[in-house]
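Asker: Got a structure here, written out as structure tokens. Questions coming.
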Amino acid sequence: MAVVRGGHKQEENGMKLRPTKRATVAVAAATTIALGLTGCGEGASGDGSESIKVGLVAALSGPAAAFGGPQNASMAAAVERINGSGGVKVDGKTYKFEFKSYDHAYDPTKAVTAANQAITKDGVSFLQVDGGSIVPAVQPVAEKRDVMVMALAGGDQYLGKDHPTTFRLYYDISRSFGASLSYLKSKDSKVQKVLGIFTDDEVGRIIAEQSDGIAKSLGATPSSVFISRDATDFAPVLNQVLPKSPDVIQFGGTPPSQYAGIVKTARQRGYKGDFIFPDTVYRPAVVEAAGKEGVEGSVSSPFFGAFTSEEGKYWTDNISKHKGGDPSQGWSALAYDNLFLLKAAIEKAGTLDTKKVSQAMQEVSFDGAVGEVRYGGKDKYGLNQVIEMDFPVAEIQKDGTLKQVTVVPAAEANRW
């Protein structure tokens, strides 16, 4: 296995879819990946060793199920990998991770119910939560019982010194936009006016504000418009903004079901510029909507192509064995790498005390599937709470495929 920095040395062996509206259908019962045992974060693992309970609260049904499934599979794969390679060593004892997942159907109310189930009934102490509008709803439940929250989500309203046991394992969407814009400007210095289309909610407005600042730092002139998550007719907003002749249109964290429709409508109305797809791009949707020629030359970051590291190869070879796993959804490998960071933090802390583990989480790193990952952001948030990673940029080719064209190092992106 790869080397985990900050913890004990390891033994040697070994597009997404975001919801377009809040689901209102009934939620399926929690999906059990391992044995369900009660406790306070510990229990018997089934082989005589004690267990550390980790959970996932995500959309496993409803319009965002394609987002929850890959996370579920990646966490299950990491648990299998870690447990099969000796588990977690704490103060002379060996623990195994025990994993359970719970469905919130991208509904904050259902997420709170699921979190209560995980924490108070199943004894989960380390909880991954899916969705930028979901995390703030779950946080009070988790913080009341000192449960660590690991957010695979956009936005940052849930970070800072008031939330020392919360971490965002998702990359910064505004910086992924900056990586793509810097590449387009290197190709054509005349690229100036950037139109951002964002979801009309708190997360969308945070991403818009941050993206506008990055655009200005790169010498561009930004403007922003907002659409509701259930919008399907994009002609009115495009009729309003296209007369301003933007050079580039970017989509922030807008879901594929919407940005594909916007691309199609923009081309129908004569827009000739490029598109930027921060937060990766679901290529089949945009190619189907606008044709290969309609998206040729547009860019996206981060690009999760073929993984060449030891953990990347393992993830690629094994992710399909787990329910919801899809090798084409490379972003979900962040959920895989994050459990190795958690393992390293627990071992460094030498305890299962989540407050001490949270402190250690700010100091460890891991050579993972997506490359070297660690938590940073102290200058901005007062704590190292956001995942740091490089930003590969890909350009859509004439045949509709994606080709990596450059990589913006994390150190450069962090200066924006």
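Chain labels run A, B, ... following the order of the structure tokens; each chain numbers its residues from 1, and ligands are numbered from 1 in the order shown.
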Please list as a list in words every residue within 7 Å of region 139-156 of chain A, counting only C-alpha atoms and excluding residues in the same chain fewer than 3 positions away.
Answerer: Asn116, Ser125, Phe126, Leu127, Gln128, Val129, Asp130, Gly131, Gly132, Val135, Pro136, Leu159, Thr165, Thr166, Phe167, Arg168, Leu169, Tyr170, Ile173, Val203, Ile206, Ile207 and Thr354 of chain A
Asker: Mind writing the picked residues with N, CA and C atoms as a tab-separated table (two decimals), in the first residue's frame?
Answerer:
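result-v4.tsv was written with the following content:
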```tsv
chain	number	residue	atom	x	y	z
A	116	ASN	N	-29.31	11.29	12.87
A	116	ASN	CA	-29.70	10.84	14.20
A	116	ASN	C	-29.65	9.32	14.32
A	125	SER	N	-19.16	7.59	14.76
A	125	SER	CA	-18.40	8.73	15.28
A	125	SER	C	-17.77	9.57	14.17
A	126	PHE	N	-17.67	9.00	12.96
A	126	PHE	CA	-17.05	9.69	11.83
A	126	PHE	C	-18.04	9.60	10.66
A	127	LEU	N	-18.59	10.76	10.26
A	127	LEU	CA	-19.71	10.77	9.34
A	127	LEU	C	-19.41	11.61	8.10
A	128	GLN	N	-19.44	10.97	6.93
A	128	GLN	CA	-19.32	11.72	5.67
A	128	GLN	C	-20.71	12.15	5.24
A	129	VAL	N	-20.85	13.42	4.86
A	129	VAL	CA	-22.15	13.99	4.50
A	129	VAL	C	-22.07	14.58	3.10
A	130	ASP	N	-23.05	14.27	2.28
A	130	ASP	CA	-23.10	14.69	0.89
A	130	ASP	C	-24.03	15.89	0.73
A	131	GLY	N	-23.50	17.00	0.15
A	131	GLY	CA	-24.36	18.12	-0.21
A	131	GLY	C	-24.13	19.39	0.57
A	132	GLY	N	-23.86	20.49	-0.14
A	132	GLY	CA	-23.57	21.76	0.50
A	132	GLY	C	-24.73	22.34	1.29
A	135	VAL	N	-25.09	19.72	4.72
A	135	VAL	CA	-24.13	19.74	5.83
A	135	VAL	C	-24.57	20.64	6.98
A	136	PRO	N	-24.99	21.91	6.72
A	136	PRO	CA	-25.39	22.76	7.85
A	136	PRO	C	-26.57	22.20	8.64
A	159	LEU	N	-17.66	25.83	7.61
A	159	LEU	CA	-16.27	25.70	8.03
A	159	LEU	C	-15.89	26.83	8.99
A	165	THR	N	-14.54	20.25	14.14
A	165	THR	CA	-14.58	18.83	13.80
A	165	THR	C	-15.22	18.59	12.44
A	166	THR	N	-15.30	19.63	11.61
A	166	THR	CA	-15.83	19.50	10.25
A	166	THR	C	-14.72	19.72	9.23
A	167	PHE	N	-14.70	18.87	8.20
A	167	PHE	CA	-13.72	18.95	7.13
A	167	PHE	C	-14.45	18.83	5.80
A	168	ARG	N	-13.97	19.56	4.80
A	168	ARG	CA	-14.55	19.44	3.46
A	168	ARG	C	-13.57	18.67	2.58
A	169	LEU	N	-13.93	17.43	2.25
A	169	LEU	CA	-13.04	16.60	1.45
A	169	LEU	C	-13.22	16.84	-0.04
A	170	TYR	N	-14.10	17.76	-0.40
A	170	TYR	CA	-14.31	18.11	-1.81
A	170	TYR	C	-13.41	19.29	-2.16
A	173	ILE	N	-14.52	24.48	-5.77
A	173	ILE	CA	-15.11	24.62	-7.10
A	173	ILE	C	-14.67	25.92	-7.77
A	203	VAL	N	-25.25	28.04	-1.42
A	203	VAL	CA	-24.03	27.46	-1.98
A	203	VAL	C	-23.67	28.12	-3.30
A	206	ILE	N	-22.22	31.61	-2.75
A	206	ILE	CA	-20.86	31.57	-2.23
A	206	ILE	C	-19.87	31.28	-3.35
A	207	ILE	N	-20.19	30.27	-4.17
A	207	ILE	CA	-19.31	29.92	-5.29
A	207	ILE	C	-19.19	31.09	-6.26
A	354	THR	N	-12.64	12.22	19.02
A	354	THR	CA	-12.81	12.91	17.74
A	354	THR	C	-12.21	14.31	17.73
```
Asker: Could you give me the residues within region 141-368 of chain A that DSSP places in strand (DSSP E), as number ranges by chain?
Answerer: A: 148-152, 166-168, 193-199, 221-227, 248-250, 274-278, 299-301, 365-368
Asker: Nearest residue to Arg283 (chain A) out of A:Pro392, A:Gly400, A:Gly324, A:Gly55, using only C-alpha atoms?
Answerer: A:Gly400
Asker: For each of A:Asp172, A:Glu209, A:Glu293, A:Asp337, take the minimum atom-to-atom distance to Gly196 (chain A), counting only C-alpha atoms, then give the residue where this is smallest.
Answerer: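 So, comparing all the options, the nearest one is A:Glu209.
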Asker: Could you give me, as an NGL selection string, each residue of region 91-185 of chain A that DSSP assigns to helix (DSSP H, G or I) when run on this structure's backbone?
Answerer: :A and (108-121 or 135-144 or 173-185)
Asker: Write a file of the just-selected residues containing N, CA and C atoms, as an mmCIF file, in the first residue's frame.
Answerer:
```cif
data_model
loop_
_atom_site.group_PDB
_atom_site.id
_atom_site.type_symbol
_atom_site.label_atom_id
_atom_site.label_comp_id
_atom_site.auth_asym_id
_atom_site.auth_seq_id
_atom_site.Cartn_x
_atom_site.Cartn_y
_atom_site.Cartn_z
ATOM 1 N N PRO A 108 -32.766 18.000 3.352
ATOM 2 C CA PRO A 108 -32.151 18.283 4.650
ATOM 3 C C PRO A 108 -32.894 17.663 5.835
ATOM 4 N N THR A 109 -34.235 17.649 5.781
ATOM 5 C CA THR A 109 -35.007 17.071 6.875
ATOM 6 C C THR A 109 -34.723 15.584 7.009
ATOM 7 N N LYS A 110 -34.695 14.887 5.894
ATOM 8 C CA LYS A 110 -34.407 13.462 5.908
ATOM 9 C C LYS A 110 -32.950 13.207 6.297
ATOM 10 N N ALA A 111 -32.088 14.150 5.962
ATOM 11 C CA ALA A 111 -30.674 14.006 6.339
ATOM 12 C C ALA A 111 -30.511 14.061 7.850
ATOM 13 N N VAL A 112 -31.251 14.946 8.515
ATOM 14 C CA VAL A 112 -31.180 15.040 9.971
ATOM 15 C C VAL A 112 -31.666 13.737 10.608
ATOM 16 N N THR A 113 -32.757 13.190 10.074
ATOM 17 C CA THR A 113 -33.261 11.912 10.575
ATOM 18 C C THR A 113 -32.216 10.811 10.404
ATOM 19 N N ALA A 114 -31.582 10.795 9.229
ATOM 20 C CA ALA A 114 -30.557 9.779 8.957
ATOM 21 C C ALA A 114 -29.355 9.948 9.880
ATOM 22 N N ALA A 115 -28.948 11.193 10.108
ATOM 23 C CA ALA A 115 -27.801 11.448 10.980
ATOM 24 C C ALA A 115 -28.104 11.019 12.411
ATOM 25 N N ASN A 116 -29.307 11.286 12.867
ATOM 26 C CA ASN A 116 -29.698 10.839 14.200
ATOM 27 C C ASN A 116 -29.654 9.324 14.318
ATOM 28 N N GLN A 117 -30.109 8.643 13.284
ATOM 29 C CA GLN A 117 -30.042 7.181 13.258
ATOM 30 C C GLN A 117 -28.595 6.715 13.353
ATOM 31 N N ALA A 118 -27.734 7.319 12.539
ATOM 32 C CA ALA A 118 -26.331 6.911 12.506
ATOM 33 C C ALA A 118 -25.635 7.156 13.843
ATOM 34 N N ILE A 119 -25.884 8.320 14.413
ATOM 35 C CA ILE A 119 -25.126 8.736 15.595
ATOM 36 C C ILE A 119 -25.686 8.143 16.880
ATOM 37 N N THR A 120 -26.993 8.285 17.100
ATOM 38 C CA THR A 120 -27.561 7.897 18.389
ATOM 39 C C THR A 120 -27.898 6.415 18.483
ATOM 40 N N LYS A 121 -28.221 5.791 17.374
ATOM 41 C CA LYS A 121 -28.605 4.383 17.409
ATOM 42 C C LYS A 121 -27.481 3.448 16.975
ATOM 43 N N VAL A 135 -25.087 19.719 4.724
ATOM 44 C CA VAL A 135 -24.126 19.739 5.832
ATOM 45 C C VAL A 135 -24.568 20.642 6.983
ATOM 46 N N PRO A 136 -24.991 21.908 6.723
ATOM 47 C CA PRO A 136 -25.392 22.760 7.850
ATOM 48 C C PRO A 136 -26.571 22.201 8.637
ATOM 49 N N ALA A 137 -27.431 21.422 7.988
ATOM 50 C CA ALA A 137 -28.569 20.828 8.689
ATOM 51 C C ALA A 137 -28.122 19.712 9.623
ATOM 52 N N VAL A 138 -27.102 18.968 9.207
ATOM 53 C CA VAL A 138 -26.630 17.818 9.973
ATOM 54 C C VAL A 138 -25.659 18.239 11.077
ATOM 55 N N GLN A 139 -24.941 19.324 10.875
ATOM 56 C CA GLN A 139 -23.888 19.738 11.807
ATOM 57 C C GLN A 139 -24.323 19.819 13.275
ATOM 58 N N PRO A 140 -25.463 20.458 13.580
ATOM 59 C CA PRO A 140 -25.833 20.557 15.001
ATOM 60 C C PRO A 140 -26.015 19.192 15.670
ATOM 61 N N VAL A 141 -26.566 18.247 14.932
ATOM 62 C CA VAL A 141 -26.748 16.891 15.459
ATOM 63 C C VAL A 141 -25.389 16.262 15.742
ATOM 64 N N ALA A 142 -24.464 16.411 14.790
ATOM 65 C CA ALA A 142 -23.144 15.804 14.933
ATOM 66 C C ALA A 142 -22.314 16.479 16.018
ATOM 67 N N GLU A 143 -22.314 17.807 16.024
ATOM 68 C CA GLU A 143 -21.481 18.534 16.976
ATOM 69 C C GLU A 143 -21.949 18.343 18.417
ATOM 70 N N LYS A 144 -23.238 18.131 18.607
ATOM 71 C CA LYS A 144 -23.766 17.904 19.952
ATOM 72 C C LYS A 144 -23.140 16.668 20.586
ATOM 73 N N ILE A 173 -14.524 24.483 -5.765
ATOM 74 C CA ILE A 173 -15.112 24.622 -7.105
ATOM 75 C C ILE A 173 -14.667 25.916 -7.767
ATOM 76 N N SER A 174 -14.562 26.992 -6.997
ATOM 77 C CA SER A 174 -14.144 28.267 -7.592
ATOM 78 C C SER A 174 -12.709 28.180 -8.106
ATOM 79 N N ARG A 175 -11.844 27.439 -7.417
ATOM 80 C CA ARG A 175 -10.465 27.293 -7.898
ATOM 81 C C ARG A 175 -10.413 26.376 -9.125
ATOM 82 N N SER A 176 -11.312 25.411 -9.200
ATOM 83 C CA SER A 176 -11.347 24.587 -10.413
ATOM 84 C C SER A 176 -11.749 25.448 -11.609
ATOM 85 N N PHE A 177 -12.634 26.412 -11.378
ATOM 86 C CA PHE A 177 -12.970 27.392 -12.418
ATOM 87 C C PHE A 177 -11.744 28.211 -12.798
ATOM 88 N N GLY A 178 -11.004 28.672 -11.784
ATOM 89 C CA GLY A 178 -9.816 29.476 -12.054
ATOM 90 C C GLY A 178 -8.784 28.738 -12.882
ATOM 91 N N ALA A 179 -8.616 27.431 -12.612
ATOM 92 C CA ALA A 179 -7.660 26.639 -13.390
ATOM 93 C C ALA A 179 -8.036 26.622 -14.862
ATOM 94 N N SER A 180 -9.331 26.457 -15.136
ATOM 95 C CA SER A 180 -9.794 26.427 -16.529
ATOM 96 C C SER A 180 -9.674 27.796 -17.187
ATOM 97 N N LEU A 181 -10.032 28.839 -16.450
ATOM 98 C CA LEU A 181 -9.952 30.186 -17.026
ATOM 99 C C LEU A 181 -8.512 30.562 -17.327
ATOM 100 N N SER A 182 -7.592 30.226 -16.439
ATOM 101 C CA SER A 182 -6.194 30.565 -16.684
ATOM 102 C C SER A 182 -5.683 29.876 -17.946
ATOM 103 N N TYR A 183 -6.148 28.640 -18.190
ATOM 104 C CA TYR A 183 -5.751 27.939 -19.407
ATOM 105 C C TYR A 183 -6.323 28.635 -20.646
ATOM 106 N N LEU A 184 -7.610 28.995 -20.615
ATOM 107 C CA LEU A 184 -8.212 29.656 -21.775
ATOM 108 C C LEU A 184 -7.534 30.993 -22.060
ATOM 109 N N LYS A 185 -7.183 31.740 -21.025
ATOM 110 C CA LYS A 185 -6.520 33.026 -21.227
ATOM 111 C C LYS A 185 -5.098 32.844 -21.753
#
```
Asker: Please provide the set of residues having any atom within 8 Å of region 332-336 of chain A, restricted to only C-alpha atoms, with same-chain residues fewer than 6 positions apart removed, written as a PyMOL selection string.
Answerer: chain A and resi 70-71+74-75+77-78+152+169-170+315+369-370
Asker: If we count only C-alpha atoms and set the cut-off at 12 Å, which residues sit around Lys187 (chain A), ignoring sequence neighbours fewer than 6 positions away in its own chain? Please answer as a count of residues only.
Answerer: 8
Asker: Between A:Asn83, A:Gln250, A:Asn72, A:Gln157, which is the closest to Ile52 (chain A) once you count only C-alpha atoms?
Answerer: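 When distances to Ile52 (chain A) are compared using only C-alpha atoms, the smallest one comes from A:Asn83.
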Asker: Write out as a PyMOL selection string which residues come within 10 Å of Lys264 (chain A) when counting only C-alpha atoms, dropping same-chain ones fewer than 6 positions away.
Answerer: chain A and resi 234+271+286-291+294-295
Asker: Store the residues picked out above, limited to N, CA and C atoms, as a tab-separated table (two decimals), in the first residue's frame.
Answerer:
```tsv
chain	number	residue	atom	x	y	z
A	234	PHE	N	-34.37	27.81	-20.06
A	234	PHE	CA	-33.24	28.71	-19.88
A	234	PHE	C	-33.23	29.87	-20.89
A	271	TYR	N	-24.67	31.84	-29.54
A	271	TYR	CA	-23.46	32.04	-28.74
A	271	TYR	C	-22.29	31.27	-29.35
A	286	VAL	N	-23.54	16.89	-22.21
A	286	VAL	CA	-23.34	18.09	-23.03
A	286	VAL	C	-23.17	17.73	-24.51
A	287	VAL	N	-22.55	16.59	-24.79
A	287	VAL	CA	-22.39	16.17	-26.18
A	287	VAL	C	-23.75	15.83	-26.78
A	288	GLU	N	-24.59	15.15	-26.00
A	288	GLU	CA	-25.93	14.83	-26.49
A	288	GLU	C	-26.77	16.08	-26.70
A	289	ALA	N	-26.60	17.06	-25.82
A	289	ALA	CA	-27.42	18.27	-25.89
A	289	ALA	C	-27.01	19.19	-27.03
A	290	ALA	N	-25.71	19.37	-27.23
A	290	ALA	CA	-25.23	20.37	-28.19
A	290	ALA	C	-24.42	19.79	-29.34
A	291	GLY	N	-24.18	18.49	-29.33
A	291	GLY	CA	-23.34	17.89	-30.36
A	291	GLY	C	-21.87	18.10	-30.05
A	294	GLY	N	-20.62	21.51	-30.71
A	294	GLY	CA	-21.15	22.54	-29.81
A	294	GLY	C	-20.33	22.74	-28.56
A	295	VAL	N	-19.52	21.76	-28.20
A	295	VAL	CA	-18.73	21.87	-26.98
A	295	VAL	C	-17.23	21.76	-27.24
```
Asker: Would you write out, as a tab-separated table, a table of all residues in region 252-319 of chain A that have an atom no more than 12 Å from an atom of region 237-242 of chain A, listing for each the closest atom pair and the distance in Å to one decimal, considering only C-alpha atoms and ordering rows by chain and rising residue number?
Answerer:
```
residue	atom	partner	partner_atom	distance
A:Gly261	CA	A:Leu238	CA	11.2
A:Ile262	CA	A:Leu238	CA	8.1
A:Val263	CA	A:Leu238	CA	10.1
A:Lys264	CA	A:Leu238	CA	11.0
A:Thr265	CA	A:Leu238	CA	7.9
A:Ala266	CA	A:Leu238	CA	6.8
A:Arg267	CA	A:Leu238	CA	10.4
A:Gln268	CA	A:Leu238	CA	10.5
A:Arg269	CA	A:Asn239	CA	8.2
A:Gly270	CA	A:Leu242	CA	8.8
A:Tyr271	CA	A:Leu242	CA	7.2
A:Lys272	CA	A:Leu242	CA	10.3
A:Gly273	CA	A:Leu242	CA	10.5
```
